[in-house]
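Visitor: Provided below: run-v7.txt, containing compact mmCIF, N, CA and C atoms.
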```txt
# COMPACT_ATOMS: atom_id res chain seq x y z
N MET A 2 34.85 18.58 0.37
CA MET A 2 33.40 18.64 0.25
C MET A 2 32.98 17.83 -0.98
N SER A 3 31.91 17.05 -0.86
CA SER A 3 31.42 16.23 -1.95
C SER A 3 30.80 17.08 -3.05
N GLU A 4 31.04 16.66 -4.26
CA GLU A 4 30.47 17.34 -5.41
C GLU A 4 28.99 16.96 -5.56
N ILE A 5 28.20 17.88 -6.05
CA ILE A 5 26.79 17.62 -6.33
C ILE A 5 26.66 17.39 -7.82
N GLU A 6 26.06 16.26 -8.19
CA GLU A 6 25.83 15.93 -9.60
C GLU A 6 24.33 15.93 -9.85
N ARG A 7 23.91 16.69 -10.85
CA ARG A 7 22.49 16.78 -11.21
C ARG A 7 22.29 16.16 -12.59
N MET A 8 21.26 15.35 -12.73
CA MET A 8 20.99 14.67 -14.00
C MET A 8 19.56 14.96 -14.44
N HIS A 9 19.40 15.09 -15.75
CA HIS A 9 18.08 15.40 -16.33
C HIS A 9 17.52 16.67 -15.69
N THR A 10 18.32 17.72 -15.76
CA THR A 10 17.97 18.98 -15.11
C THR A 10 17.19 19.88 -16.05
N GLY A 11 16.11 20.41 -15.54
CA GLY A 11 15.30 21.38 -16.27
C GLY A 11 15.25 22.68 -15.50
N PRO A 12 14.36 23.58 -15.89
CA PRO A 12 14.30 24.88 -15.22
C PRO A 12 13.80 24.81 -13.78
N ARG A 13 13.01 23.77 -13.43
CA ARG A 13 12.43 23.67 -12.10
C ARG A 13 13.05 22.60 -11.21
N MET A 14 13.60 21.56 -11.84
CA MET A 14 14.08 20.45 -11.02
C MET A 14 15.02 19.56 -11.81
N SER A 15 15.71 18.71 -11.07
CA SER A 15 16.51 17.63 -11.64
C SER A 15 15.82 16.32 -11.29
N LYS A 16 15.81 15.37 -12.22
CA LYS A 16 15.19 14.07 -11.91
C LYS A 16 16.04 13.29 -10.92
N ILE A 17 17.37 13.47 -11.00
CA ILE A 17 18.29 12.78 -10.11
C ILE A 17 19.30 13.80 -9.58
N VAL A 18 19.58 13.74 -8.28
CA VAL A 18 20.67 14.51 -7.69
C VAL A 18 21.49 13.54 -6.86
N ARG A 19 22.80 13.50 -7.15
CA ARG A 19 23.73 12.67 -6.38
C ARG A 19 24.64 13.58 -5.57
N HIS A 20 24.80 13.23 -4.30
CA HIS A 20 25.69 13.97 -3.42
C HIS A 20 26.34 12.95 -2.48
N GLY A 21 27.64 12.84 -2.57
CA GLY A 21 28.32 11.83 -1.77
C GLY A 21 27.81 10.44 -2.14
N ASP A 22 27.40 9.70 -1.14
CA ASP A 22 26.89 8.34 -1.36
C ASP A 22 25.37 8.30 -1.38
N LEU A 23 24.73 9.44 -1.64
CA LEU A 23 23.26 9.49 -1.64
C LEU A 23 22.72 9.88 -3.01
N VAL A 24 21.55 9.34 -3.32
CA VAL A 24 20.83 9.65 -4.54
C VAL A 24 19.44 10.15 -4.14
N TYR A 25 19.05 11.29 -4.69
CA TYR A 25 17.73 11.85 -4.45
C TYR A 25 16.98 11.84 -5.77
N LEU A 26 15.78 11.27 -5.79
CA LEU A 26 14.95 11.30 -6.99
C LEU A 26 13.81 12.28 -6.77
N CYS A 27 13.50 13.04 -7.81
CA CYS A 27 12.34 13.92 -7.73
C CYS A 27 11.09 13.05 -7.70
N GLY A 28 9.96 13.66 -7.41
CA GLY A 28 8.71 12.92 -7.37
C GLY A 28 8.44 12.21 -8.69
N GLN A 29 8.13 10.92 -8.60
CA GLN A 29 7.86 10.11 -9.79
C GLN A 29 6.38 9.72 -9.82
N THR A 30 5.81 9.82 -11.00
CA THR A 30 4.43 9.41 -11.23
C THR A 30 4.41 8.48 -12.43
N ALA A 31 3.25 8.02 -12.77
CA ALA A 31 3.07 7.19 -13.96
C ALA A 31 2.80 8.09 -15.16
N GLY A 32 3.38 7.76 -16.30
CA GLY A 32 3.07 8.43 -17.57
C GLY A 32 2.99 9.93 -17.49
N GLY A 33 2.19 10.48 -18.40
CA GLY A 33 1.92 11.91 -18.40
C GLY A 33 0.94 12.25 -17.30
N ILE A 34 0.88 13.48 -16.90
CA ILE A 34 0.02 13.86 -15.78
C ILE A 34 -1.47 13.76 -16.09
N ASP A 35 -1.83 13.59 -17.35
CA ASP A 35 -3.24 13.47 -17.70
C ASP A 35 -3.63 12.06 -18.12
N GLU A 36 -2.71 11.08 -17.92
CA GLU A 36 -3.01 9.70 -18.28
C GLU A 36 -3.88 9.05 -17.23
N PRO A 37 -5.03 8.51 -17.64
CA PRO A 37 -5.87 7.82 -16.66
C PRO A 37 -5.30 6.45 -16.33
N GLY A 38 -5.82 5.85 -15.32
CA GLY A 38 -5.40 4.51 -14.92
C GLY A 38 -5.66 4.33 -13.44
N ASP A 39 -5.89 3.10 -13.03
CA ASP A 39 -6.13 2.87 -11.61
C ASP A 39 -4.81 2.92 -10.85
N VAL A 40 -4.90 2.89 -9.54
CA VAL A 40 -3.70 3.05 -8.71
C VAL A 40 -2.74 1.88 -8.88
N THR A 41 -3.25 0.69 -9.17
CA THR A 41 -2.37 -0.46 -9.38
C THR A 41 -1.50 -0.26 -10.60
N ALA A 42 -2.10 0.12 -11.72
CA ALA A 42 -1.35 0.36 -12.95
C ALA A 42 -0.39 1.53 -12.77
N GLN A 43 -0.85 2.60 -12.14
CA GLN A 43 0.01 3.77 -11.96
C GLN A 43 1.18 3.47 -11.02
N THR A 44 0.94 2.72 -9.96
CA THR A 44 2.02 2.38 -9.04
C THR A 44 3.05 1.50 -9.73
N THR A 45 2.61 0.54 -10.51
CA THR A 45 3.52 -0.34 -11.25
C THR A 45 4.40 0.47 -12.19
N GLU A 46 3.81 1.38 -12.96
CA GLU A 46 4.59 2.20 -13.89
C GLU A 46 5.52 3.16 -13.14
N MET A 47 5.03 3.74 -12.07
CA MET A 47 5.83 4.68 -11.28
C MET A 47 7.08 3.98 -10.73
N LEU A 48 6.91 2.78 -10.19
CA LEU A 48 8.05 2.06 -9.62
C LEU A 48 9.02 1.59 -10.70
N SER A 49 8.53 1.34 -11.90
CA SER A 49 9.41 1.04 -13.02
C SER A 49 10.29 2.24 -13.34
N ARG A 50 9.72 3.42 -13.29
CA ARG A 50 10.49 4.65 -13.51
C ARG A 50 11.55 4.82 -12.42
N VAL A 51 11.18 4.53 -11.18
CA VAL A 51 12.13 4.60 -10.07
C VAL A 51 13.29 3.65 -10.33
N ASP A 52 12.99 2.41 -10.75
CA ASP A 52 14.04 1.44 -11.07
C ASP A 52 15.04 2.00 -12.08
N HIS A 53 14.53 2.55 -13.17
CA HIS A 53 15.40 3.07 -14.23
C HIS A 53 16.28 4.21 -13.72
N LEU A 54 15.70 5.13 -12.96
CA LEU A 54 16.47 6.26 -12.45
C LEU A 54 17.52 5.81 -11.43
N LEU A 55 17.15 4.89 -10.56
CA LEU A 55 18.11 4.40 -9.58
C LEU A 55 19.29 3.71 -10.26
N ILE A 56 19.01 2.89 -11.25
CA ILE A 56 20.09 2.22 -11.99
C ILE A 56 20.99 3.24 -12.66
N GLU A 57 20.39 4.24 -13.29
CA GLU A 57 21.18 5.30 -13.94
C GLU A 57 22.07 6.02 -12.93
N ALA A 58 21.60 6.15 -11.70
CA ALA A 58 22.35 6.86 -10.66
C ALA A 58 23.34 5.95 -9.94
N GLY A 59 23.37 4.67 -10.29
CA GLY A 59 24.31 3.75 -9.65
C GLY A 59 23.78 3.09 -8.40
N SER A 60 22.45 3.00 -8.27
CA SER A 60 21.83 2.40 -7.10
C SER A 60 20.77 1.39 -7.56
N ASP A 61 19.97 0.93 -6.62
CA ASP A 61 18.86 0.04 -6.97
C ASP A 61 17.83 0.03 -5.84
N ARG A 62 16.73 -0.63 -6.06
CA ARG A 62 15.62 -0.61 -5.10
C ARG A 62 15.98 -1.21 -3.75
N GLY A 63 16.96 -2.06 -3.70
CA GLY A 63 17.39 -2.63 -2.43
C GLY A 63 18.20 -1.67 -1.58
N ARG A 64 18.54 -0.50 -2.12
CA ARG A 64 19.35 0.49 -1.41
C ARG A 64 18.55 1.75 -1.05
N ILE A 65 17.22 1.66 -1.19
CA ILE A 65 16.37 2.81 -0.84
C ILE A 65 16.40 3.02 0.67
N LEU A 66 16.67 4.25 1.07
CA LEU A 66 16.72 4.61 2.49
C LEU A 66 15.38 5.14 2.98
N SER A 67 14.73 5.98 2.15
CA SER A 67 13.44 6.54 2.54
C SER A 67 12.57 6.76 1.32
N ALA A 68 11.27 6.70 1.56
CA ALA A 68 10.28 6.94 0.51
C ALA A 68 9.15 7.79 1.09
N LEU A 69 8.77 8.79 0.34
CA LEU A 69 7.61 9.61 0.68
C LEU A 69 6.58 9.38 -0.42
N ILE A 70 5.46 8.78 -0.06
CA ILE A 70 4.43 8.43 -1.04
C ILE A 70 3.21 9.31 -0.82
N HIS A 71 2.74 9.91 -1.90
CA HIS A 71 1.51 10.69 -1.88
C HIS A 71 0.45 9.90 -2.65
N VAL A 72 -0.70 9.69 -2.05
CA VAL A 72 -1.83 9.08 -2.75
C VAL A 72 -2.95 10.11 -2.80
N ALA A 73 -3.63 10.13 -3.92
CA ALA A 73 -4.71 11.10 -4.09
C ALA A 73 -5.91 10.77 -3.20
N ASP A 74 -6.06 9.48 -2.87
CA ASP A 74 -7.20 9.04 -2.06
C ASP A 74 -6.74 7.85 -1.22
N MET A 75 -6.87 7.95 0.09
CA MET A 75 -6.44 6.86 0.98
C MET A 75 -7.22 5.58 0.72
N ALA A 76 -8.32 5.64 -0.02
CA ALA A 76 -9.02 4.42 -0.40
C ALA A 76 -8.14 3.54 -1.29
N ASP A 77 -7.11 4.14 -1.92
CA ASP A 77 -6.17 3.42 -2.78
C ASP A 77 -4.98 2.85 -2.01
N PHE A 78 -4.91 3.08 -0.71
CA PHE A 78 -3.75 2.70 0.10
C PHE A 78 -3.43 1.20 0.00
N ALA A 79 -4.41 0.34 0.16
CA ALA A 79 -4.16 -1.11 0.14
C ALA A 79 -3.69 -1.58 -1.24
N ALA A 80 -4.31 -1.08 -2.29
CA ALA A 80 -3.91 -1.49 -3.65
C ALA A 80 -2.50 -1.00 -3.97
N MET A 81 -2.17 0.22 -3.57
CA MET A 81 -0.81 0.74 -3.78
C MET A 81 0.18 -0.10 -3.00
N ASN A 82 -0.13 -0.43 -1.75
CA ASN A 82 0.76 -1.23 -0.92
C ASN A 82 0.99 -2.62 -1.49
N ALA A 83 0.00 -3.21 -2.11
CA ALA A 83 0.16 -4.55 -2.70
C ALA A 83 1.24 -4.52 -3.78
N VAL A 84 1.24 -3.48 -4.61
CA VAL A 84 2.25 -3.35 -5.66
C VAL A 84 3.61 -3.05 -5.03
N TRP A 85 3.64 -2.14 -4.08
CA TRP A 85 4.87 -1.76 -3.39
C TRP A 85 5.54 -2.97 -2.75
N GLU A 86 4.76 -3.75 -2.00
CA GLU A 86 5.32 -4.89 -1.28
C GLU A 86 5.84 -5.97 -2.22
N ALA A 87 5.20 -6.16 -3.37
CA ALA A 87 5.67 -7.14 -4.36
C ALA A 87 6.96 -6.65 -5.04
N TRP A 88 7.12 -5.34 -5.17
CA TRP A 88 8.27 -4.74 -5.86
C TRP A 88 9.51 -4.67 -4.97
N LEU A 89 9.33 -4.41 -3.70
CA LEU A 89 10.43 -4.18 -2.78
C LEU A 89 11.11 -5.50 -2.41
N PRO A 90 12.44 -5.57 -2.48
CA PRO A 90 13.14 -6.80 -2.09
C PRO A 90 12.88 -7.13 -0.61
N GLU A 91 12.78 -8.41 -0.30
CA GLU A 91 12.57 -8.83 1.07
C GLU A 91 13.71 -8.32 1.96
N GLY A 92 13.34 -7.78 3.11
CA GLY A 92 14.32 -7.27 4.06
C GLY A 92 14.87 -5.90 3.74
N ALA A 93 14.35 -5.24 2.70
CA ALA A 93 14.88 -3.94 2.28
C ALA A 93 13.87 -2.81 2.48
N ALA A 94 12.95 -2.97 3.41
CA ALA A 94 11.95 -1.92 3.63
C ALA A 94 12.62 -0.64 4.13
N PRO A 95 12.41 0.47 3.43
CA PRO A 95 13.01 1.75 3.85
C PRO A 95 12.13 2.43 4.90
N ALA A 96 12.64 3.51 5.46
CA ALA A 96 11.79 4.40 6.24
C ALA A 96 10.77 4.97 5.24
N ARG A 97 9.52 5.04 5.62
CA ARG A 97 8.50 5.44 4.65
C ARG A 97 7.39 6.23 5.30
N THR A 98 6.88 7.20 4.56
CA THR A 98 5.71 7.97 4.95
C THR A 98 4.74 7.95 3.79
N THR A 99 3.46 7.78 4.09
CA THR A 99 2.42 7.86 3.06
C THR A 99 1.39 8.88 3.52
N VAL A 100 1.08 9.82 2.64
CA VAL A 100 0.10 10.85 2.95
C VAL A 100 -0.91 10.96 1.82
N GLU A 101 -2.09 11.44 2.15
CA GLU A 101 -3.09 11.75 1.14
C GLU A 101 -2.88 13.20 0.72
N ALA A 102 -2.83 13.43 -0.59
CA ALA A 102 -2.58 14.79 -1.08
C ALA A 102 -3.19 14.97 -2.47
N ARG A 103 -3.55 16.20 -2.76
CA ARG A 103 -3.98 16.52 -4.12
C ARG A 103 -2.72 16.58 -4.98
N LEU A 104 -2.72 15.85 -6.08
CA LEU A 104 -1.54 15.78 -6.94
C LEU A 104 -1.68 16.76 -8.10
N ALA A 105 -0.66 16.83 -8.96
CA ALA A 105 -0.59 17.83 -10.02
C ALA A 105 -1.72 17.74 -11.04
N SER A 106 -2.33 16.57 -11.16
CA SER A 106 -3.44 16.37 -12.10
C SER A 106 -4.46 15.46 -11.43
N PRO A 107 -5.74 15.69 -11.68
CA PRO A 107 -6.76 14.80 -11.11
C PRO A 107 -6.63 13.35 -11.58
N ALA A 108 -5.96 13.12 -12.71
CA ALA A 108 -5.78 11.76 -13.22
C ALA A 108 -4.73 10.98 -12.44
N LEU A 109 -3.82 11.68 -11.75
CA LEU A 109 -2.78 11.01 -10.99
C LEU A 109 -3.34 10.45 -9.70
N ARG A 110 -2.96 9.20 -9.39
CA ARG A 110 -3.41 8.53 -8.17
C ARG A 110 -2.30 8.40 -7.13
N VAL A 111 -1.01 8.44 -7.60
CA VAL A 111 0.10 8.18 -6.68
C VAL A 111 1.39 8.84 -7.19
N GLU A 112 2.20 9.30 -6.24
CA GLU A 112 3.51 9.89 -6.55
C GLU A 112 4.47 9.49 -5.44
N ILE A 113 5.75 9.29 -5.80
CA ILE A 113 6.74 8.87 -4.81
C ILE A 113 8.02 9.69 -4.95
N THR A 114 8.64 10.01 -3.83
CA THR A 114 9.94 10.66 -3.78
C THR A 114 10.88 9.72 -3.02
N ILE A 115 12.07 9.50 -3.57
CA ILE A 115 12.99 8.48 -3.05
C ILE A 115 14.34 9.09 -2.68
N VAL A 116 14.93 8.59 -1.60
CA VAL A 116 16.33 8.83 -1.26
C VAL A 116 16.96 7.44 -1.12
N ALA A 117 18.10 7.24 -1.80
CA ALA A 117 18.76 5.93 -1.77
C ALA A 117 20.27 6.10 -1.61
N ALA A 118 20.89 5.03 -1.16
CA ALA A 118 22.35 4.99 -1.07
C ALA A 118 22.90 4.51 -2.41
N VAL A 119 24.11 4.96 -2.73
CA VAL A 119 24.77 4.52 -3.97
C VAL A 119 25.41 3.17 -3.69
```
Using structure tokens, write down the structure that the file contains.

Guide:
Amino acid sequence: MSEIERMHTGPRMSKIVRHGDLVYLCGQTAGGIDEPGDVTAQTTEMLSRVDHLLIEAGSDRGRILSALIHVADMADFAAMNAVWEAWLPEGAAPARTTVEARLASPALRVEITIVAAV
């Protein structure tokens, strides 16, 4: 049976969980939960955080298998997608779902949860 490795673990969650050849990232947002900013800036910062965590876990953005994206307002969908499409390597589009949801703070515009291969 594969060992489960948890990284940056707190009382409620781990930022990274590795199991076998898979990496699970907890929901990533931009900055602190009360930091203002438009969806473009928040998506850029959020994806930078994803990059750092994936590298730490031994993976990268080209190995993402699935992404679950929450946007606070679907009016931000096109702007978020513009940043996403520029960030994602060509030919590496994962399975993806995007939903509108109320996030942990009214200042947050976008959050992403990632599963990737090692």

Visitor: Smallest atom-to-atom distance to Leu66 of chain A: which of A:Gly11, A:Gly21, A:Pro95, A:Pro90, using only C-alpha atoms?

Guide: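 Ranking A:Gly11, A:Gly21, A:Pro95, A:Pro90 by distance to Leu66 of chain A, first place goes to A:Pro95.
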
Visitor: Between atom CA of Pro107 of chain A and atom CA of Asn82 of chain A, what is the spacing in Å?

Guide: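 Taking atom CA of Asn82 of chain A and atom CA of Pro107 of chain A, their separation equals 20.4 Å.
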
Visitor: I'd like the interatomic distance between atom C of Thr41 of chain A and atom N of Ile70 of chain A, to a tenth of an Å.

Guide: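 Spanning atom C of Thr41 of chain A to atom N of Ile70 of chain A is a straight-line distance of 15.5 Å.
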
Visitor: For the helix (DSSP H, G or I) assignment from backbone DSSP, which residues of chain A qualify? Please present them as JSON, numbers by chain.

Guide: {"A": [40, 41, 42, 43, 44, 45, 46, 47, 48, 49, 50, 51, 52, 53, 54, 55, 56, 57, 62, 63, 64, 75, 76, 77, 78, 79, 80, 81, 82, 83, 84, 85, 86, 87, 88]}

Visitor: Looking at A:Ile5, A:Glu91, A:Ala42, A:Glu101, which one is nearest to Val18 of chain A, with distances taken over all atoms listed in the file?

Guide: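 That would be A:Ile5, the residue with the smallest distance to Val18 of chain A.
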
Visitor: May I ask which of the residues A:Thr44, A:Thr98, A:Ser67, A:Ser15 is the closest one to Met81 of chain A, counting all atoms listed in the file?

Guide: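 That would be A:Thr44, the residue with the smallest distance to Met81 of chain A.
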
Visitor: Using all atoms listed in the file, can you tell me which of A:Glu57, A:Asp52, A:Asp22, A:Asp39 comes closest to Val111 of chain A?

Guide: A:Asp39

Visitor: Could you state the separation of atom C of Glu112 of chain A and atom N of Gln29 of chain A in Å, given to one decimal place?

Guide: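 Pair atom C of Glu112 of chain A / atom N of Gln29 of chain A returns 5.0 Å.
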
Visitor: So which one's closest to Ala105 of chain A, A:Ala68, A:Ala79, A:Ala117, A:Ala73? Using only C-alpha atoms, please.

Guide: A:Ala73

Visitor: In the coordinate frame of the file, compute which residues have an atom within 8 Å of (13.6, 4.1, -0.9) when using all atoms listed in the file, and state them as a list of chain:residue names.

Guide: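 Applying the cut-off with all atoms listed in the file, one gets A:Asp61, A:Arg62, A:Gly63, A:Arg64, A:Ile65, A:Leu66, A:Ser67, A:Ala68, A:Leu69, A:Ala93, A:Ala94, A:Pro95, A:Ala96, A:Arg97, A:Thr114, A:Ile115, A:Val116, A:Ala117, A:Ala118.
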
Visitor: Kindly save the residues from that selection, with N, CA and C atoms included, as a PDB file, in the frame of the given file.

Guide:
```
ATOM      1  N   ASP A  61      19.970   0.930  -6.620  1.00  0.00           N
ATOM      2  CA  ASP A  61      18.860   0.040  -6.970  1.00  0.00           C
ATOM      3  C   ASP A  61      17.830   0.030  -5.840  1.00  0.00           C
ATOM      4  N   ARG A  62      16.730  -0.630  -6.060  1.00  0.00           N
ATOM      5  CA  ARG A  62      15.620  -0.610  -5.100  1.00  0.00           C
ATOM      6  C   ARG A  62      15.980  -1.210  -3.750  1.00  0.00           C
ATOM      7  N   GLY A  63      16.960  -2.060  -3.700  1.00  0.00           N
ATOM      8  CA  GLY A  63      17.390  -2.630  -2.430  1.00  0.00           C
ATOM      9  C   GLY A  63      18.200  -1.670  -1.580  1.00  0.00           C
ATOM     10  N   ARG A  64      18.540  -0.500  -2.120  1.00  0.00           N
ATOM     11  CA  ARG A  64      19.350   0.490  -1.410  1.00  0.00           C
ATOM     12  C   ARG A  64      18.550   1.750  -1.050  1.00  0.00           C
ATOM     13  N   ILE A  65      17.220   1.660  -1.190  1.00  0.00           N
ATOM     14  CA  ILE A  65      16.370   2.810  -0.840  1.00  0.00           C
ATOM     15  C   ILE A  65      16.400   3.020   0.670  1.00  0.00           C
ATOM     16  N   LEU A  66      16.670   4.250   1.070  1.00  0.00           N
ATOM     17  CA  LEU A  66      16.720   4.610   2.490  1.00  0.00           C
ATOM     18  C   LEU A  66      15.380   5.140   2.980  1.00  0.00           C
ATOM     19  N   SER A  67      14.730   5.980   2.150  1.00  0.00           N
ATOM     20  CA  SER A  67      13.440   6.540   2.540  1.00  0.00           C
ATOM     21  C   SER A  67      12.570   6.760   1.320  1.00  0.00           C
ATOM     22  N   ALA A  68      11.270   6.700   1.560  1.00  0.00           N
ATOM     23  CA  ALA A  68      10.280   6.940   0.510  1.00  0.00           C
ATOM     24  C   ALA A  68       9.150   7.790   1.090  1.00  0.00           C
ATOM     25  N   LEU A  69       8.770   8.790   0.340  1.00  0.00           N
ATOM     26  CA  LEU A  69       7.610   9.610   0.680  1.00  0.00           C
ATOM     27  C   LEU A  69       6.580   9.380  -0.420  1.00  0.00           C
ATOM     28  N   ALA A  93      14.350  -5.240   2.700  1.00  0.00           N
ATOM     29  CA  ALA A  93      14.880  -3.940   2.280  1.00  0.00           C
ATOM     30  C   ALA A  93      13.870  -2.810   2.480  1.00  0.00           C
ATOM     31  N   ALA A  94      12.950  -2.970   3.410  1.00  0.00           N
ATOM     32  CA  ALA A  94      11.950  -1.920   3.630  1.00  0.00           C
ATOM     33  C   ALA A  94      12.620  -0.640   4.130  1.00  0.00           C
ATOM     34  N   PRO A  95      12.410   0.470   3.430  1.00  0.00           N
ATOM     35  CA  PRO A  95      13.010   1.750   3.850  1.00  0.00           C
ATOM     36  C   PRO A  95      12.130   2.430   4.900  1.00  0.00           C
ATOM     37  N   ALA A  96      12.640   3.510   5.460  1.00  0.00           N
ATOM     38  CA  ALA A  96      11.790   4.400   6.240  1.00  0.00           C
ATOM     39  C   ALA A  96      10.770   4.970   5.240  1.00  0.00           C
ATOM     40  N   ARG A  97       9.520   5.040   5.620  1.00  0.00           N
ATOM     41  CA  ARG A  97       8.500   5.440   4.650  1.00  0.00           C
ATOM     42  C   ARG A  97       7.390   6.230   5.300  1.00  0.00           C
ATOM     43  N   THR A 114       8.640  10.010  -3.830  1.00  0.00           N
ATOM     44  CA  THR A 114       9.940  10.660  -3.780  1.00  0.00           C
ATOM     45  C   THR A 114      10.880   9.720  -3.020  1.00  0.00           C
ATOM     46  N   ILE A 115      12.070   9.500  -3.570  1.00  0.00           N
ATOM     47  CA  ILE A 115      12.990   8.480  -3.050  1.00  0.00           C
ATOM     48  C   ILE A 115      14.340   9.090  -2.680  1.00  0.00           C
ATOM     49  N   VAL A 116      14.930   8.590  -1.600  1.00  0.00           N
ATOM     50  CA  VAL A 116      16.330   8.830  -1.260  1.00  0.00           C
ATOM     51  C   VAL A 116      16.960   7.440  -1.120  1.00  0.00           C
ATOM     52  N   ALA A 117      18.100   7.240  -1.800  1.00  0.00           N
ATOM     53  CA  ALA A 117      18.760   5.930  -1.770  1.00  0.00           C
ATOM     54  C   ALA A 117      20.270   6.100  -1.610  1.00  0.00           C
ATOM     55  N   ALA A 118      20.890   5.030  -1.160  1.00  0.00           N
ATOM     56  CA  ALA A 118      22.350   4.990  -1.070  1.00  0.00           C
ATOM     57  C   ALA A 118      22.900   4.510  -2.410  1.00  0.00           C
TER      58      ALA A 118
END
```

Visitor: Restricting the calculation to only C-alpha atoms: of A:Ala31, A:Ile17, A:Val24, A:Leu48, which residue gets closest to Trp88 of chain A?

Guide: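 Of A:Ala31, A:Ile17, A:Val24, A:Leu48, the one nearest Trp88 of chain A is A:Leu48, counting only C-alpha atoms.
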
Visitor: According to DSSP computed on the backbone, where in segment 4-95 of chain A is there strand (DSSP E)? Give the residues as a PyMOL selection string.

Guide: chain A and resi 5-10+15-20+23-29+65-72

Visitor: Would you compute an axis-aligned box for segment 37-47 of chain A, covering every atom listed for it in the file with 4 Å of margin on each side, and report centre and edge lengths in Å to one decimal as lines of an AutoDock Vina configuration file?

Guide:
```
center_x = 0.5
center_y = 4.0
center_z = -13.2
size_x = 21.2
size_y = 17.0
size_z = 16.9
```
